[in-house]
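S.K.: Take this structure first; my questions come after.
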Amino acid sequence: MPDPKSRMLAIQNAKAYLLKSSTTSGLNLYDHLANMLTKILDEQPTNAVDIIENVSKDVKWAQFQKKMDTLRDEHEILPTFEAAEKCKALFLKANGEGDEELEEEIEETPLPNVMETAFYFEQAGIGLSKDESYHIFLALKKLISVQPIQTCRFWGKILGLEMNYIIAEVQYHEGEEEEETEEEEVIEEGRKGMGEVEEEDEDKEKEDQPPKSTYKPPPVIPKEENGTGANKYIYFVCNEPGKPWVKLPPVTPAQIVCARKIKKFFTGRLDAPVVSFPPFPGNEANYLRAQIARISADQISPIGFYQFAEEEGDEEEEGEGGGRDTYEENPDFQPLSVPEMVDSLSTWVHHVQSILEQGRCVWINPFQKSEQEEEEEEEDEEQEKAEEPDELQQEIGPPLLTPLSADEGIQNMPAWTAQPSTNLIPQYAVAILQSNRWPGAYAFASGKKFDNIYFGWGHKYSPENHTPALPPPVQAEYPSGPDVTEASDPTLEEELAFKAAREEALASAEEEEDEEDVEDDEEEDDD
C-alpha cells in the first residue's frame with residue numbers, strides 16, 4: 001500500500017486533471033462522466049457497454065442543442081462572459097479618483113492584503129483560485145468605501161447547495177456602532193409599547209374568559225452587546241464578488257444553543273427558512289451568523305503575539321472570577337521557528353473567547369432581573385421564589401491565550417494537526433495548522449505574520465452520524481373520575497318512571513297550592 005499522503009496527492013492530481021475545462025466547449029471530463037453515469041442509472045438500458053458512445057453523444061447533444069424556433073441563430077453567451085459582466089463593476093474607478101488619492105488611501109486603508117494571505121495558504125494547497133481571490137480583494141475594497149469600517153478581514157467562504165457565502169469580518173468606528181445600537185433599542189422599545197397597548201385591550205375584552213395557565217417559561221437570556229463576546233465583530237456576506245454585501249444580524253444565545261443541536265446545509269439564500277427540530281429561532285441568515293460565531297471562537301495565534309494589557313483593575317477582576325477579555329499586540333514579539341511551531345501545539349494559543357453552554361462568552365444570571373422586579377411587586381414574591389432554582393452554577397470557560405495542547409481531543413484524534421507547507425525546502429516552509437473539530441478551518445504562521453481562514457460547509461466534525469433530538473414524550477391522559485366521567489344514557493323504562501314521578505310531584509305541588517289558597521280565603525272571610 002502506498003503512503004497515505006502520496007495516495008491523497010495522487011487522487012487530488014487526478015481529480016484536478018479531470019476538472020480541466022475544454023478550450024472549445026467549456027466543459028470538463030469529470031462533469032461529463034458524471035452526467036453519463038446519471039443518465040445510464042436513470043434509464044438502465046440493456047447492454048449499456050455497447051451503447052456508451054451513443055450515451056456520450058446524447059449527453060453532449062442535450063447541452064449544445066440549439067433553439068430551432070427562430071430564423072436566425074441566437075447569440076450564445078459564454079459563461080466566461082457572464083462572469084466578466086458580474087465582476088465588471090469591481091474594476092471601475094470612482095469619479096474623480098486619481099492615482100495620488102489612491103496612494104494615500106492605500107497607506108491608511110483598513111483593506112486587508114488578501115492576495116498575500118492567499119499566497120501563504122497556497123503553499124499548503126489551501127485557498128481559492130487567484131482570480132477569485134483578486135475579485136474578493138476588490139469586493140472588500142468596495143465594501144470599505146461604502147461602510148464606515150475601522151478594521152476588515154476576509155473571514156472565509158461557506159459552501160451552499162445553491163450558492164456560496166463569501167464572508168467579511170469588520171469592526172465599525174466607535175460612533176457608528178453606538179448609533180446602530182441606539183436604533184435597535186428604539187425599535188425594540190416601540191415594539192414593547194405597542195405590545196403593552198395590545199395587552200391592555202385584550203385584558204378588557206377577555207375579563208369573562210376562563211382562567212389561563214400559570215406556567216411561566218424560563219427567562220430569555222439576553223444577547224451580548226455589539227462589540228463584546230460573540231457579537232464582537234460584524235459580518236457582511238455576499239454570494240459572489242460583485243454582488244451587494246448584506247450585513248448579518250447580531251447572534252443571540254438561543255440561536256447558538258439551538259445551532260449546536262441541529263445540522264443543516266446552507267442553501268445560499270439568507271431568507272430561506274431553517275426547518276429543523278428543535279425549531280431554530282430565525283432564518284438562514286441567523287443560522288449562518290450562529291455558525292460563524294462558533295467557528296470564530298476556535299481561532300488561534302502564535303504564542304506571544306498577543307499579551308494582556310497591564311492595568312490596575314486586572315487583578316481585582318481576576319479575583320472576582322471574571323477573567324480577562326481584552327488583549328493587545330506584543331511589540332516585543334519574537335517569532336518561533338517553523339519546526340518549533342509544528343512540533344508542539346503549546347506554541348499556539350486561543351485569542352478568542354470560548355462560547356459557554358449558555359450561548360454567551362460571559363455568563364449571566366437569567367434570574368437577576370426578576371429579583372429587581374420582586375422589590376416592586378411584593379405580592380408575587382413567594383411564587384417567584386418558589387419557581388427559582390436554589391442555586392445556579394456559574395459557567396467559566398477557559399481563559400484567553402490558552403495553549404492548544406489543553407484542547408480536548410476527538411476520541412483518539414487531536415483537536416489540531418500541525419504540519420509544514422513543504423518538506424523539500426524546509427528553510428522556506430510555512431507552519432500550517434488544520435482544525436479537526438471544524439473541517440475547513442486553517443491557520444498559518446510565517447515569521448511575524450499569521451492568519452485564520454475557513455473554507456467548508458460550516459459543520460462541526462462528529463465521529464458518529466448526526467442524530468436529531470427526539471420530540472418530547474406524549475402528554476399523559478387526564479385521570480378519569482366521577483367528576484369527569486360521562487354518565488350512561490337511561491333506558492326507556494327509567495325515562496317513563498322519571499316522567500311519572502315528575503308528574504306526581506307537580507300534581508302534589510298544585511294541590512298544596514290550592515289548599516293554601518283556600519285557607520287564605522277563609523281567613524279573609526272571618527276578618
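Starting from 1 in every chain, residues are counted up; chains themselves are A, B, ... following the order of the C-alpha cells, and ligands are numbered from 1 as listed.
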Find the residues near stretch 426-428 of chain A: any atom within 10 Å, counting only C-alpha atoms, skip ones fewer than 4 places away on the same chain, and give them as a list in words.

M.R.: Ser337, Val338, Pro339, Pro420, Ser421, Thr422 and Ser446 of chain A

S.K.: Applying 6 Å and only C-alpha atoms, which residues near stretch 401-416 of chain A remain after dropping the ones on its own chain fewer than 3 positions away? List them as a PDB file with N, CA and C atoms, in the first residue's frame.

M.R.:
```pdb
ATOM      1  N   LEU A 345       1.996  21.747  19.961  1.00  0.00           N
ATOM      2  CA  LEU A 345       0.801  22.578  19.917  1.00  0.00           C
ATOM      3  C   LEU A 345       0.777  23.628  21.012  1.00  0.00           C
ATOM      4  N   SER A 346       1.692  23.529  21.975  1.00  0.00           N
ATOM      5  CA  SER A 346       1.753  24.530  23.037  1.00  0.00           C
ATOM      6  C   SER A 346       2.309  25.857  22.553  1.00  0.00           C
ATOM      7  N   TRP A 348       0.940  27.500  20.145  1.00  0.00           N
ATOM      8  CA  TRP A 348      -0.226  28.211  19.615  1.00  0.00           C
ATOM      9  C   TRP A 348      -1.233  28.402  20.746  1.00  0.00           C
ATOM     10  N   VAL A 349      -1.963  29.505  20.718  1.00  0.00           N
ATOM     11  CA  VAL A 349      -2.938  29.813  21.767  1.00  0.00           C
ATOM     12  C   VAL A 349      -4.238  30.283  21.129  1.00  0.00           C
ATOM     13  N   HIS A 350      -5.321  30.225  21.915  1.00  0.00           N
ATOM     14  CA  HIS A 350      -6.625  30.761  21.511  1.00  0.00           C
ATOM     15  C   HIS A 350      -6.699  32.226  21.926  1.00  0.00           C
ATOM     16  N   HIS A 351      -6.966  33.105  20.984  1.00  0.00           N
ATOM     17  CA  HIS A 351      -7.084  34.528  21.309  1.00  0.00           C
ATOM     18  C   HIS A 351      -8.518  35.027  21.182  1.00  0.00           C
ATOM     19  N   GLN A 434      -4.346  22.700  10.935  1.00  0.00           N
ATOM     20  CA  GLN A 434      -5.663  22.305  10.442  1.00  0.00           C
ATOM     21  C   GLN A 434      -6.514  21.860  11.613  1.00  0.00           C
ATOM     22  N   SER A 435      -7.725  22.390  11.691  1.00  0.00           N
ATOM     23  CA  SER A 435      -8.642  22.042  12.769  1.00  0.00           C
ATOM     24  C   SER A 435      -9.354  20.744  12.433  1.00  0.00           C
ATOM     25  N   ASN A 436      -9.304  19.791  13.351  1.00  0.00           N
ATOM     26  CA  ASN A 436     -10.042  18.542  13.188  1.00  0.00           C
ATOM     27  C   ASN A 436     -11.453  18.630  13.752  1.00  0.00           C
ATOM     28  N   ARG A 437     -11.702  19.643  14.566  1.00  0.00           N
ATOM     29  CA  ARG A 437     -13.047  19.840  15.111  1.00  0.00           C
ATOM     30  C   ARG A 437     -13.938  20.565  14.107  1.00  0.00           C
TER      31      ARG A 437
END
```

S.K.: For atom CA of A:Ser296 and atom CA of A:Pro219, quote the distance in Å rounded to one decimal.

M.R.: 27.1 Å

S.K.: I'd like to know which residues of stretch 106-346 of chain A are strand (DSSP E or B) (by DSSP, run on the backbone); could you write them as number ranges by chain?

M.R.: A: 149-158, 165-172, 234-238, 241, 243, 246-247, 273, 283, 300-302, 306-307, 328-329

S.K.: Give me, as a list in words, all polymer residues having an atom no more than 8 Å from A:Ala441, counting only C-alpha atoms and skipping those fewer than 5 positions away in the same chain.

M.R.: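 Near A:Ala441, the qualifying residues are Ile295, Gln434, Ser435, Asn452, Ile453, Tyr454, Phe455 and Gly456 of chain A.
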
S.K.: Write the selection just made, keeping C-alpha atoms, as a PDB file, in the first residue's frame?

M.R.:
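Okay, this is what ended up in selection_0.pdb:
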```pdb
ATOM      1  CA  ILE A 295     -16.181  28.698  14.192  1.00  0.00           C
ATOM      2  CA  GLN A 434      -5.663  22.305  10.442  1.00  0.00           C
ATOM      3  CA  SER A 435      -8.642  22.042  12.769  1.00  0.00           C
ATOM      4  CA  ASN A 452      -7.034  32.237  10.153  1.00  0.00           C
ATOM      5  CA  ILE A 453      -9.368  31.257   7.346  1.00  0.00           C
ATOM      6  CA  TYR A 454     -12.246  28.872   6.736  1.00  0.00           C
ATOM      7  CA  PHE A 455     -13.390  27.030   3.614  1.00  0.00           C
ATOM      8  CA  GLY A 456     -16.108  24.446   4.198  1.00  0.00           C
TER       9      GLY A 456
END
```

S.K.: Please tabulate, as JSON lines, the residues of stretch 287-368 of chain A that come within 6 Å of stretch 242-256 of chain A, each with its closest pair of atoms and the distance in Å to one decimal, counting only C-alpha atoms and ordering rows by chain, then residue number upward.

M.R.:
```
{"residue": "A:Ala290", "atom": "CA", "partner": "A:Ile256", "partner_atom": "CA", "distance": 5.3}
{"residue": "A:Gly359", "atom": "CA", "partner": "A:Pro253", "partner_atom": "CA", "distance": 4.0}
{"residue": "A:Arg360", "atom": "CA", "partner": "A:Pro253", "partner_atom": "CA", "distance": 5.8}
```

S.K.: Would you save the residues from that selection as a tab-separated table (two decimals), in the first residue's frame, using all heavy atoms?

M.R.:
```tsv
chain	number	residue	atom	x	y	z
A	290	ALA	N	-24.83	32.28	13.56
A	290	ALA	CA	-24.52	31.42	14.70
A	290	ALA	C	-23.34	30.50	14.40
A	290	ALA	O	-22.45	30.32	15.25
A	290	ALA	CB	-25.76	30.61	15.10
A	359	GLY	N	-24.61	29.93	25.66
A	359	GLY	CA	-24.69	30.63	24.40
A	359	GLY	C	-24.05	32.00	24.42
A	359	GLY	O	-24.16	32.74	23.44
A	360	ARG	N	-23.39	32.34	25.51
A	360	ARG	CA	-22.68	33.62	25.65
A	360	ARG	C	-21.23	33.36	26.00
A	360	ARG	O	-20.88	32.28	26.49
A	360	ARG	CB	-23.32	34.47	26.76
A	360	ARG	CG	-24.72	34.98	26.46
A	360	ARG	CD	-25.34	35.58	27.72
A	360	ARG	NE	-24.48	36.58	28.34
A	360	ARG	CZ	-24.60	37.89	28.17
A	360	ARG	NH1	-25.56	38.37	27.39
A	360	ARG	NH2	-23.78	38.74	28.77
```

S.K.: With a distance cut-off of 7 Å and only C-alpha atoms, select the neighbouring residues of A:Met163, excluding the residue or stretch itself and same-chain residues fewer than 6 positions from it, and output the selection as a ChimeraX atom specification.

M.R.: /A:239,267-268

S.K.: For atom CA of A:Gly440 and atom CA of A:Val274, quote the distance in Å rounded to one decimal.

M.R.: 22.7 Å

S.K.: Which neighbours of A:Pro112 fall inside 8 Å, counting only C-alpha atoms, when residues of the same chain fewer than 2 positions from it are skipped, and could you give them as a PyMOL selection string?

M.R.: chain A and resi 110+114+152-154

S.K.: Residues near A:Ile234, anyone? I mean within 7 Å using only C-alpha atoms, not counting same-chain ones fewer than 6 positions away, as a ChimeraX atom specification.

M.R.: /A:169-171

S.K.: Using only C-alpha atoms, please write the residues we just selected to a file, as a tab-separated table (two decimals), in the first residue's frame.

M.R.:
```tsv
chain	number	residue	atom	x	y	z
A	169	GLU	CA	-15.30	40.30	9.28
A	170	VAL	CA	-15.31	44.01	10.12
A	171	GLN	CA	-15.35	46.45	13.03
```
